[in-house]
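Text of final.txt (compact mmCIF, C-alpha atoms) as supplied:
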```txt
# COMPACT_ATOMS: atom_id res chain seq x y z
CA MET L 1 -68.18 36.42 44.76
CA ASN L 2 -67.39 40.06 45.68
CA GLU L 3 -63.67 39.23 45.67
CA GLU L 4 -63.96 37.79 42.17
CA ILE L 5 -65.88 40.87 40.92
CA ASN L 6 -63.29 43.19 42.47
CA ALA L 7 -60.52 41.16 40.89
CA LEU L 8 -62.14 41.49 37.47
CA VAL L 9 -62.58 45.24 37.92
CA ASP L 10 -58.94 45.58 38.94
CA GLY L 11 -57.83 43.53 35.93
CA VAL L 12 -56.57 40.57 37.94
CA ASP L 13 -56.80 37.16 36.22
CA THR L 14 -58.52 34.69 38.54
CA MET L 15 -58.38 31.71 36.15
CA PRO L 16 -56.08 28.89 37.32
CA GLN L 17 -52.93 28.39 35.31
CA SER L 18 -52.58 25.33 33.11
CA PRO L 19 -49.39 23.26 33.36
CA ALA L 20 -48.41 24.53 29.91
CA ASP L 21 -48.72 28.17 31.02
CA SER L 22 -46.75 27.41 34.16
CA TYR L 23 -43.99 25.78 32.14
CA LEU L 24 -43.84 28.73 29.75
CA GLU L 25 -43.39 31.10 32.68
CA GLU L 26 -40.53 28.94 33.91
CA PHE L 27 -38.97 29.04 30.46
CA VAL L 28 -39.15 32.84 30.52
CA GLU L 29 -37.32 32.83 33.85
CA MET L 30 -34.74 30.44 32.42
CA GLU L 31 -34.13 32.68 29.40
CA GLN L 32 -33.66 35.72 31.66
CA ILE L 33 -30.94 33.84 33.53
CA GLU L 34 -29.34 32.67 30.29
CA GLN L 35 -29.04 36.23 28.98
CA LYS L 36 -26.50 36.88 31.76
CA LEU L 37 -24.52 33.75 30.82
CA GLU L 38 -24.43 34.25 27.04
CA GLU L 39 -21.17 34.93 25.24
CA ASN L 40 -21.00 37.53 22.46
CA ILE L 41 -21.89 35.43 19.41
CA ARG L 42 -20.98 38.26 17.00
CA ASP L 43 -17.32 37.81 17.95
CA TYR L 44 -17.46 34.52 16.01
CA PHE L 45 -20.32 34.86 13.50
CA SER L 46 -21.63 37.65 11.31
CA ASP L 47 -25.32 38.58 11.39
CA THR L 48 -25.77 36.82 8.03
CA GLU L 49 -24.19 33.63 9.40
CA ILE L 50 -26.36 33.74 12.53
CA ASP L 51 -29.49 34.11 10.40
CA ALA L 52 -28.33 31.34 8.10
CA LEU L 53 -27.68 29.00 11.03
CA GLY L 54 -31.15 29.67 12.42
CA GLU L 55 -32.79 29.22 9.01
CA ILE L 56 -30.96 25.96 8.31
CA SER L 57 -32.06 24.56 11.66
CA ASN L 58 -35.58 25.89 11.12
CA ILE L 59 -35.91 24.04 7.80
CA CYS L 60 -34.59 20.83 9.35
CA MET L 61 -36.86 21.07 12.38
CA GLY L 62 -39.85 21.89 10.19
CA THR L 63 -39.24 18.61 8.38
CA SER L 64 -38.88 16.86 11.73
CA ALA L 65 -42.22 18.31 12.89
CA THR L 66 -43.89 16.82 9.83
CA THR L 67 -42.39 13.43 10.69
CA MET L 68 -43.55 13.69 14.30
CA HIS L 69 -47.05 14.65 13.14
CA ALA L 70 -47.18 11.50 11.01
CA LEU L 71 -46.09 9.37 13.98
CA LEU L 72 -48.34 10.92 16.63
CA GLY L 73 -51.41 11.79 14.57
CA ARG L 74 -51.49 15.33 16.02
CA ARG L 75 -50.40 18.64 14.58
CA VAL L 76 -46.85 19.50 15.68
CA ASN L 77 -45.23 22.91 15.28
CA ILE L 78 -41.50 23.52 15.84
CA THR L 79 -40.73 27.14 15.05
CA THR L 80 -38.98 30.39 16.09
CA PRO L 81 -35.29 29.41 16.37
CA HIS L 82 -33.14 31.47 18.74
CA VAL L 83 -29.35 31.19 18.27
CA ALA L 84 -27.01 31.90 21.20
CA LEU L 85 -23.43 31.15 22.26
CA PHE L 86 -22.40 29.76 25.66
CA LYS L 87 -19.57 28.07 27.43
CA ALA L 88 -20.42 24.37 27.64
CA LYS L 89 -20.70 24.47 31.42
CA ASN L 90 -23.28 27.30 31.27
CA VAL L 91 -25.51 26.29 28.36
CA LEU L 92 -27.94 24.31 30.56
CA LYS L 93 -27.15 25.91 33.89
CA SER L 94 -30.63 27.44 34.18
CA PHE L 95 -32.42 24.26 33.03
CA LYS L 96 -34.76 23.11 35.83
CA TRP L 97 -35.81 19.66 34.72
CA PRO L 98 -34.26 16.24 34.14
CA PHE L 99 -34.01 15.69 30.41
CA MET L 100 -33.43 13.25 27.59
CA ALA L 101 -30.09 13.82 25.85
CA ILE L 102 -30.17 12.66 22.22
CA LYS L 103 -26.65 12.61 20.74
CA VAL L 104 -26.38 12.54 16.94
CA GLU L 105 -23.13 12.42 14.98
CA PHE L 106 -23.05 13.65 11.38
CA THR L 107 -20.55 11.51 9.46
CA THR L 108 -20.91 12.53 5.80
CA GLY L 109 -21.66 15.87 4.15
CA VAL L 110 -21.68 17.78 7.44
CA ILE L 111 -19.21 16.61 10.09
CA GLY L 112 -19.68 16.99 13.83
CA LYS L 113 -21.68 16.06 16.91
CA ASN L 114 -25.09 17.40 17.79
CA LEU L 115 -27.10 17.20 21.01
CA LEU L 116 -30.88 17.50 21.26
CA VAL L 117 -32.33 18.28 24.70
CA LEU L 118 -35.90 17.27 25.52
CA ARG L 119 -37.51 17.39 28.98
CA ASP L 120 -38.46 14.07 30.56
CA TYR L 121 -42.08 15.24 30.72
CA ASP L 122 -42.13 16.03 26.98
CA ALA L 123 -40.55 12.67 26.16
CA ALA L 124 -43.11 10.83 28.34
CA LEU L 125 -45.99 12.64 26.65
CA ILE L 126 -44.68 11.93 23.13
CA THR L 127 -44.08 8.24 23.82
CA ASP L 128 -47.51 7.91 25.46
CA LEU L 129 -49.13 9.27 22.29
CA LEU L 130 -46.98 6.95 20.18
CA MET L 131 -48.18 3.93 22.16
CA GLY L 132 -51.86 4.82 21.73
CA GLY L 133 -52.39 6.91 24.90
CA GLU L 134 -54.01 10.32 25.25
CA GLY L 135 -50.94 12.19 26.47
CA LYS L 136 -52.17 12.56 30.05
CA ILE L 137 -48.96 12.57 32.07
CA ASP L 138 -48.50 13.61 35.70
CA ARG L 139 -45.84 16.30 35.49
CA GLU L 140 -44.73 15.65 39.06
CA GLY L 141 -44.40 11.89 38.66
CA VAL L 142 -42.72 11.30 35.30
CA VAL L 143 -41.23 7.82 35.07
CA LEU L 144 -39.45 6.66 31.92
CA ASN L 145 -38.67 2.96 31.46
CA GLU L 146 -36.83 1.07 28.74
CA ILE L 147 -39.93 0.99 26.53
CA HIS L 148 -40.21 4.79 26.67
CA ILE L 149 -36.51 5.21 25.88
CA SER L 150 -36.76 2.77 22.96
CA ALA L 151 -39.84 4.59 21.61
CA ILE L 152 -38.30 8.06 21.90
CA SER L 153 -35.15 6.70 20.21
CA GLU L 154 -37.26 5.63 17.23
CA VAL L 155 -39.05 9.00 17.11
CA MET L 156 -35.75 10.87 17.19
CA ASN L 157 -34.20 8.51 14.65
CA GLN L 158 -36.95 9.32 12.16
CA MET L 159 -36.92 13.05 12.99
CA ILE L 160 -33.14 13.39 12.57
CA GLY L 161 -33.26 11.19 9.48
CA SER L 162 -35.77 13.54 7.84
CA ALA L 163 -33.66 16.54 8.91
CA ALA L 164 -30.57 14.94 7.33
CA THR L 165 -32.56 14.42 4.12
CA ALA L 166 -33.53 18.12 4.15
CA MET L 167 -29.87 19.10 4.58
CA ALA L 168 -28.86 16.75 1.75
CA ASN L 169 -31.35 18.47 -0.53
CA MET L 170 -29.86 21.85 0.40
CA ILE L 171 -26.30 20.89 -0.53
CA SER L 172 -27.18 18.41 -3.31
CA SER L 173 -25.01 15.80 -1.66
CA ASP L 174 -25.32 12.91 0.77
CA VAL L 175 -25.68 13.66 4.50
CA ASN L 176 -25.32 10.63 6.76
CA ILE L 177 -25.79 10.33 10.51
CA SER L 178 -25.02 7.72 13.13
CA PRO L 179 -27.97 6.17 14.99
CA PRO L 180 -29.10 8.61 17.74
CA ALA L 181 -27.92 7.66 21.24
CA VAL L 182 -30.59 8.48 23.85
CA GLN L 183 -29.69 8.88 27.50
CA GLN L 184 -31.47 10.21 30.58
CA ALA L 185 -29.68 13.06 32.33
CA THR L 186 -30.20 15.19 35.41
CA LYS L 187 -30.55 18.96 35.23
CA ASP L 188 -27.02 19.57 36.56
CA VAL L 189 -25.24 17.49 33.88
CA SER L 190 -23.01 19.46 31.50
CA PRO L 191 -23.49 18.71 27.78
CA SER L 192 -19.70 18.80 27.31
CA SER L 193 -19.53 15.05 27.99
CA PHE L 194 -21.96 14.35 25.13
CA LEU L 195 -20.14 16.60 22.64
CA ASP L 196 -16.63 15.51 23.70
CA VAL L 197 -15.53 19.06 24.55
CA HIS L 198 -14.27 20.58 27.80
CA ASP L 199 -16.46 22.75 30.04
CA GLU L 200 -14.81 25.99 28.93
CA ALA L 201 -15.33 25.26 25.24
CA LEU L 202 -17.83 27.40 23.35
CA VAL L 203 -21.03 25.77 22.09
CA VAL L 204 -23.96 27.07 20.04
CA LYS L 205 -27.47 26.54 21.35
CA ILE L 206 -30.49 26.84 19.05
CA SER L 207 -33.79 26.70 20.94
CA PHE L 208 -37.18 26.19 19.28
CA ASP L 209 -40.76 26.65 20.42
CA MET L 210 -42.40 23.23 20.22
CA GLU L 211 -46.17 22.75 20.37
CA ILE L 212 -48.22 19.57 20.13
CA GLU L 213 -51.81 20.51 19.35
CA GLY L 214 -53.95 20.70 22.48
CA LEU L 215 -51.38 19.04 24.75
CA LEU L 216 -47.98 20.66 25.00
CA LYS L 217 -46.14 23.96 24.71
CA SER L 218 -42.46 23.57 25.35
CA LYS L 219 -38.91 24.05 24.07
CA LEU L 220 -36.68 21.80 22.00
CA MET L 221 -32.98 22.63 22.24
CA GLN L 222 -30.16 21.81 19.84
CA VAL L 223 -26.59 22.16 21.11
CA MET L 224 -23.48 21.85 18.93
CA SER L 225 -19.81 22.71 19.17
CA LEU L 226 -18.51 25.94 17.66
CA ASP L 227 -16.61 23.95 15.01
CA MET L 228 -19.76 22.02 14.08
CA ALA L 229 -21.71 25.27 13.63
CA LYS L 230 -18.96 26.74 11.42
CA SER L 231 -18.81 23.52 9.40
CA MET L 232 -22.57 23.62 8.87
CA ILE L 233 -22.47 27.23 7.68
CA ASN L 234 -19.48 26.68 5.35
CA THR L 235 -21.10 23.57 3.87
CA LEU L 236 -24.62 24.87 3.42
CA MET L 237 -23.94 28.44 2.30
CA PRO L 238 -21.24 29.96 0.05
CA VAL L 239 -18.39 31.90 1.67
CA GLU L 240 -18.19 35.52 0.55
CA GLU L 241 -14.85 36.88 -0.58
CA PRO L 242 -13.39 39.39 1.95
CA GLU L 243 -13.07 43.03 0.93
CA ASP L 244 -9.25 43.00 1.31
CA GLY L 245 -9.04 40.67 -1.69
CA SER L 246 -7.75 37.62 0.17
CA ALA L 247 -9.67 34.82 -1.45
CA GLU L 248 -11.15 32.04 0.63
CA PRO L 249 -12.27 28.73 -0.82
CA VAL L 250 -15.81 28.87 -2.05
CA LYS L 251 -17.88 25.74 -2.31
CA SER L 252 -18.49 25.12 -5.99
CA PRO L 253 -22.12 24.71 -6.99
CA PRO L 254 -23.31 21.33 -8.17
CA PRO L 255 -22.64 20.71 -11.89
CA PRO L 256 -25.53 21.55 -14.23
CA PRO L 257 -27.46 18.71 -15.88
CA ARG L 258 -25.60 17.21 -18.80
CA ALA L 259 -27.00 18.38 -22.12
CA PRO L 260 -27.97 15.80 -24.76
CA ALA L 261 -25.14 14.88 -27.09
CA PRO L 262 -25.28 16.94 -30.32
CA ALA L 263 -25.75 15.32 -33.69
CA PRO L 264 -22.43 14.13 -35.21
CA ALA L 265 -20.86 16.84 -37.31
CA ALA L 266 -19.38 16.35 -40.74
CA PRO L 267 -15.72 15.19 -40.69
CA ARG L 268 -13.31 18.14 -40.90
CA GLN L 269 -11.21 18.19 -44.09
CA THR L 270 -7.53 18.97 -43.66
CA GLN L 271 -5.59 20.86 -46.34
CA THR L 272 -2.00 21.78 -46.96
CA ALA L 273 -0.60 25.06 -48.20
CA GLY L 274 -1.38 25.66 -51.83
CA SER L 275 -3.93 22.88 -52.09
CA GLN L 276 -7.53 23.47 -52.98
CA PRO L 277 -10.13 22.59 -50.34
CA LYS L 278 -12.18 19.55 -51.20
CA PRO L 279 -15.90 20.03 -51.47
CA VAL L 280 -17.80 18.78 -48.45
CA LYS L 281 -21.10 17.06 -48.90
CA ALA L 282 -24.01 18.66 -47.11
CA VAL L 283 -25.06 16.77 -43.98
CA LYS L 284 -28.75 16.14 -43.68
CA PRO L 285 -30.29 17.00 -40.29
CA MET L 286 -31.03 13.93 -38.22
CA THR L 287 -34.61 12.86 -37.93
CA TYR L 288 -36.07 10.98 -34.99
CA GLN L 289 -39.02 8.66 -34.91
CA SER L 290 -42.02 10.17 -33.18
CA PHE L 291 -43.31 8.15 -30.26
CA ASP L 292 -46.79 9.50 -30.94
CA GLU L 293 -46.86 8.20 -34.52
CA ASN L 294 -49.79 5.89 -35.22
CA GLU L 295 -50.28 5.47 -31.44
CA GLU L 296 -54.00 6.14 -31.64
CA GLU L 297 -54.36 3.76 -34.59
CA LYS L 298 -52.57 0.97 -32.71
CA GLU L 299 -54.72 1.47 -29.61
CA GLN L 300 -57.86 1.36 -31.72
CA ASP L 301 -56.75 -1.93 -33.28
CA GLY L 302 -55.77 -3.34 -29.86
CA GLN L 303 -52.19 -3.87 -31.09
CA VAL L 304 -50.23 -1.74 -28.63
CA ASP L 305 -46.65 -3.11 -28.72
CA ILE L 306 -45.41 -3.76 -25.15
CA ASP L 307 -42.66 -6.20 -26.09
CA VAL L 308 -40.02 -3.64 -25.13
CA ILE L 309 -41.03 -3.81 -21.46
CA ASN L 310 -41.75 -7.52 -21.16
CA ASP L 311 -38.46 -8.23 -19.36
CA ILE L 312 -38.95 -5.68 -16.54
CA PRO L 313 -39.13 -7.55 -13.18
CA LEU L 314 -42.14 -6.82 -10.96
CA GLN L 315 -42.71 -7.48 -7.26
CA VAL L 316 -45.77 -9.67 -6.73
CA THR L 317 -47.20 -9.82 -3.19
CA ILE L 318 -50.10 -11.81 -1.81
CA GLU L 319 -51.88 -10.04 1.05
CA LEU L 320 -53.80 -12.29 3.41
CA GLY L 321 -55.20 -9.38 5.40
CA ARG L 322 -54.40 -6.39 7.58
CA THR L 323 -54.85 -5.15 11.13
CA ARG L 324 -53.83 -2.14 13.26
CA LYS L 325 -52.01 -2.40 16.59
CA THR L 326 -50.65 0.15 19.03
CA MET L 327 -46.97 0.32 19.88
CA SER L 328 -47.58 -1.26 23.29
CA GLU L 329 -49.41 -4.21 21.71
CA VAL L 330 -46.58 -4.80 19.22
CA LEU L 331 -43.96 -4.67 21.97
CA ASN L 332 -45.90 -7.34 23.86
CA PHE L 333 -45.75 -9.82 20.95
CA GLY L 334 -44.04 -13.08 21.75
CA VAL L 335 -43.84 -16.66 20.58
CA GLY L 336 -47.39 -17.97 20.35
CA SER L 337 -49.05 -14.54 20.15
CA LEU L 338 -52.17 -14.54 17.97
CA ILE L 339 -52.77 -11.72 15.46
CA VAL L 340 -56.35 -11.55 14.19
CA LEU L 341 -56.69 -10.09 10.69
CA GLU L 342 -59.64 -8.02 9.49
CA LYS L 343 -60.40 -10.50 6.68
CA MET L 344 -62.89 -13.31 7.25
CA ALA L 345 -61.84 -16.95 6.84
CA GLY L 346 -62.43 -18.18 3.29
CA GLU L 347 -62.34 -14.70 1.73
CA LEU L 348 -60.32 -14.16 -1.42
CA VAL L 349 -56.80 -12.85 -0.95
CA ASP L 350 -55.42 -9.81 -2.78
CA VAL L 351 -52.73 -10.00 -5.48
CA ILE L 352 -50.59 -6.86 -5.42
CA VAL L 353 -48.03 -5.99 -8.11
CA ASN L 354 -45.55 -3.21 -7.30
CA GLY L 355 -47.93 -1.83 -4.68
CA LYS L 356 -51.03 -1.86 -6.93
CA ARG L 357 -53.88 -4.30 -6.28
CA ILE L 358 -54.63 -6.02 -9.61
CA ALA L 359 -56.47 -9.27 -8.80
CA LYS L 360 -58.13 -11.50 -6.21
CA GLY L 361 -57.68 -15.23 -5.79
CA GLU L 362 -58.02 -18.27 -3.56
CA VAL L 363 -55.17 -19.99 -1.73
CA VAL L 364 -54.23 -23.46 -3.02
CA VAL L 365 -51.45 -25.97 -2.25
CA ILE L 366 -49.29 -27.23 -5.13
CA ASP L 367 -46.54 -29.80 -4.42
CA ASP L 368 -46.23 -28.73 -0.75
CA ASN L 369 -46.05 -25.04 -1.77
CA TYR L 370 -48.68 -22.40 -1.30
CA GLY L 371 -50.13 -20.81 -4.41
CA VAL L 372 -52.98 -18.52 -5.44
CA ARG L 373 -55.51 -19.32 -8.14
CA ILE L 374 -56.66 -16.02 -9.64
CA THR L 375 -60.44 -15.78 -9.75
CA GLU L 376 -60.98 -12.08 -10.44
CA ILE L 377 -59.04 -9.36 -12.28
CA ILE L 378 -59.51 -5.85 -10.91
CA ARG L 379 -59.82 -3.30 -13.69
CA LYS L 380 -59.97 0.40 -12.83
```

Would you mind writing the file out in C-alpha cells?
Amino acid sequence: MNEEINALVDGVDTMPQSPADSYLEEFVEMEQIEQKLEENIRDYFSDTEIDALGEISNICMGTSATTMHALLGRRVNITTPHVALFKAKNVLKSFKWPFMAIKVEFTTGVIGKNLLVLRDYDAALITDLLMGGEGKIDREGVVLNEIHISAISEVMNQMIGSAATAMANMISSDVNISPPAVQQATKDVSPSSFLDVHDEALVVKISFDMEIEGLLKSKLMQVMSLDMAKSMINTLMPVEEPEDGSAEPVKSPPPPPRAPAPAPAAPRQTQTAGSQPKPVKAVKPMTYQSFDENEEEKEQDGQVDIDVINDIPLQVTIELGRTRKTMSEVLNFGVGSLIVLEKMAGELVDVIVNGKRIAKGEVVVIDDNYGVRITEIIRK
C-alpha cells in the first residue's frame, strides 16, 4: 500500500496497460524507426499534392469505415492519414507482426495496384465480430483459417467497393476494381512482390489510425507505387500550369447539364441585293399544359387518370417469412439444413411490390403451381 501511495505522489502510473495501449506504444516505436528510413517525399510531390493525396485517401477510408460499421454493428473510425515515401524493401521493415496483405487493382478511372496491410490480430477480431462473436481474441495465439480469410475478403471487398464509389463521385466517372486478393504474410515479407515492383522502387505509404469502439486501436496501412500515387493525383485533381508558361494537359471538367431545347424560332427569310425584305409573321410564345390543372377536381371526383403509367412493369415478391443468422451459421448450411422462419405455420404471407408491402394472402395451389389468394389490402 505504501509503495502505491508513494508511486501516486511521484506521479507514477500503477495501472496495468491494456493490450491496445501496449500496441500503440509499439506503433510509436515503429514510427520512430520509419522516420530514419523515409525518403524525401518533397522531391517527388509538392505540399499541395501531398495534402491532396492524404485527403483523397481520407475520404475513401471514411466511406470504408461507414461500410465496416454497417457490417460489424460497432462504431468504426479511420482517420488521421500520414503520407510518407519509402523504398519498397523498407516500407514494412519496422513492422513487428504477421499481417494480412489485401491487393487491389484499379482497372478503370484510376489505374494501378494498391496494397492494404492489416495485422493478423486486427483481422481475427474483425472476422470474429462479423461471425457474431464479441471480439475477444488472444493476441498471442491468433489463428486464421479459411473461414476467417473468406470473411475478411468479403469485408475488404465491400470497403474497397465503397471507396471506389467515393472516388467515382469525385471524378464524375466510373472507377472499377478487381476483386481483392487476400493473403497471409510474415513480418519480413517485402510488399514489392504484391505491387509487382523491385525492392529499390519507391512506394507511397499512407497510414491511418483505426479504432473499433471499445475493442481496438490500431493502424491500417495503404501502400501504392509512385506511379499509382501520381496517377491518382492527376486524375482526381487538376494540374496547375507551371510559371514558365509550359502548358501541361489539364483534365477537363465534366460537361454541364444539357439545357432544355429552346422553342423553335421563326424561319429566317433570305433576301437578295435590291429586294425588299418580306414581312415576317409574329411567332406566338409556346404554351405548355399545366400538370396541376384541375388536379384537385379530378381527385375529388375519384377520376385520377393513371392510364399513362399502366404499362410500367413492377416486381412482385411473396415473402414467406424471415430469420436472422450469424455468418458462422450460414457457412455451416448444407444439403438438408433446416431454416426456421419467424412466421407461424398457417399465417398469411406478405405480398411486396417493388419493396413495399401492399397486401396479405394465403398460399394456394393452382394447376401444380403455387399461388397467393389476396385476403387483405394494406392501406397506409

Please check which residues have atoms at most 12 Å from (-53.4, -9.4, 13.8) in the file's coordinates, counting only C-alpha atoms, and write them as a PyMOL selection string. chain L and resi 320-326+329-330+333+337-343

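Among the candidate residues L:His82, L:His198, L:Lys136, L:Lys103, the one lying nearest to L:Leu215 is L:Lys136, with distances computed using all atoms listed in the file.
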
Quick one: distance from atom CA of L:Ile352 to atom CA of L:Gly371 in Å, one decimal? 14.0 Å

Just want the 10 Å neighbourhood of L:Met167, counted on all atoms listed in the file, with same-chain residues fewer than 6 positions away dropped. Output as a PyMOL selection string. chain L and resi 56-57+59-60+109-110+161+173-176+232+235-236

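In this model, the gap between atom CA of L:Lys217 and atom CA of L:Val76 comes to 10.1 Å.
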
Quick check, in Å to one decimal: how far apart do atom CA of L:Phe208 and atom CA of L:Glu146 lie?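 If I compute the distance from atom CA of L:Phe208 to atom CA of L:Glu146, I get 26.8 Å.
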
Pick out the closest residue to L:Ala166 from this set: L:Thr67, L:Ile366, L:Arg357, L:Asp311. Count only C-alpha atoms.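 Among the listed residues, L:Thr67 lies closest to L:Ala166.
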
With only C-alpha atoms as the counted atoms, please give the residues lying no more than 8 Å from L:Tyr121, apart from itself and same-chain residues fewer than 4 positions off, as a ChimeraX atom specification. /L:125,137,139,142

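If all atoms listed in the file are the atoms counted, then among L:Met221, L:Ala168, L:Met30, L:Ala359 the closest residue to L:Leu115 is L:Met221.
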
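Minimum atom-to-atom distance to L:Arg75, evaluated using all atoms listed in the file, belongs to L:Met210 out of L:Met210, L:Tyr370, L:Ala201, L:Leu331.
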
Pick from L:Ser94, L:Asn114, L:Asn145, L:Ser172, whichever lies nearest to L:Asp128 using all atoms listed in the file: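 For L:Asp128, the nearest of the candidates is L:Asn145.
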
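Distance check against L:Asn90 using all atoms listed in the file: of L:Leu37, L:Val204, L:Val197, L:Val335, the minimum falls on L:Leu37.
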
Write out as a VMD selection string the residues lying within 9 Å of L:Glu347, counting all atoms listed in the file and excluding same-chain residues fewer than 3 positions away. chain L and resid 343 to 344 361 to 362
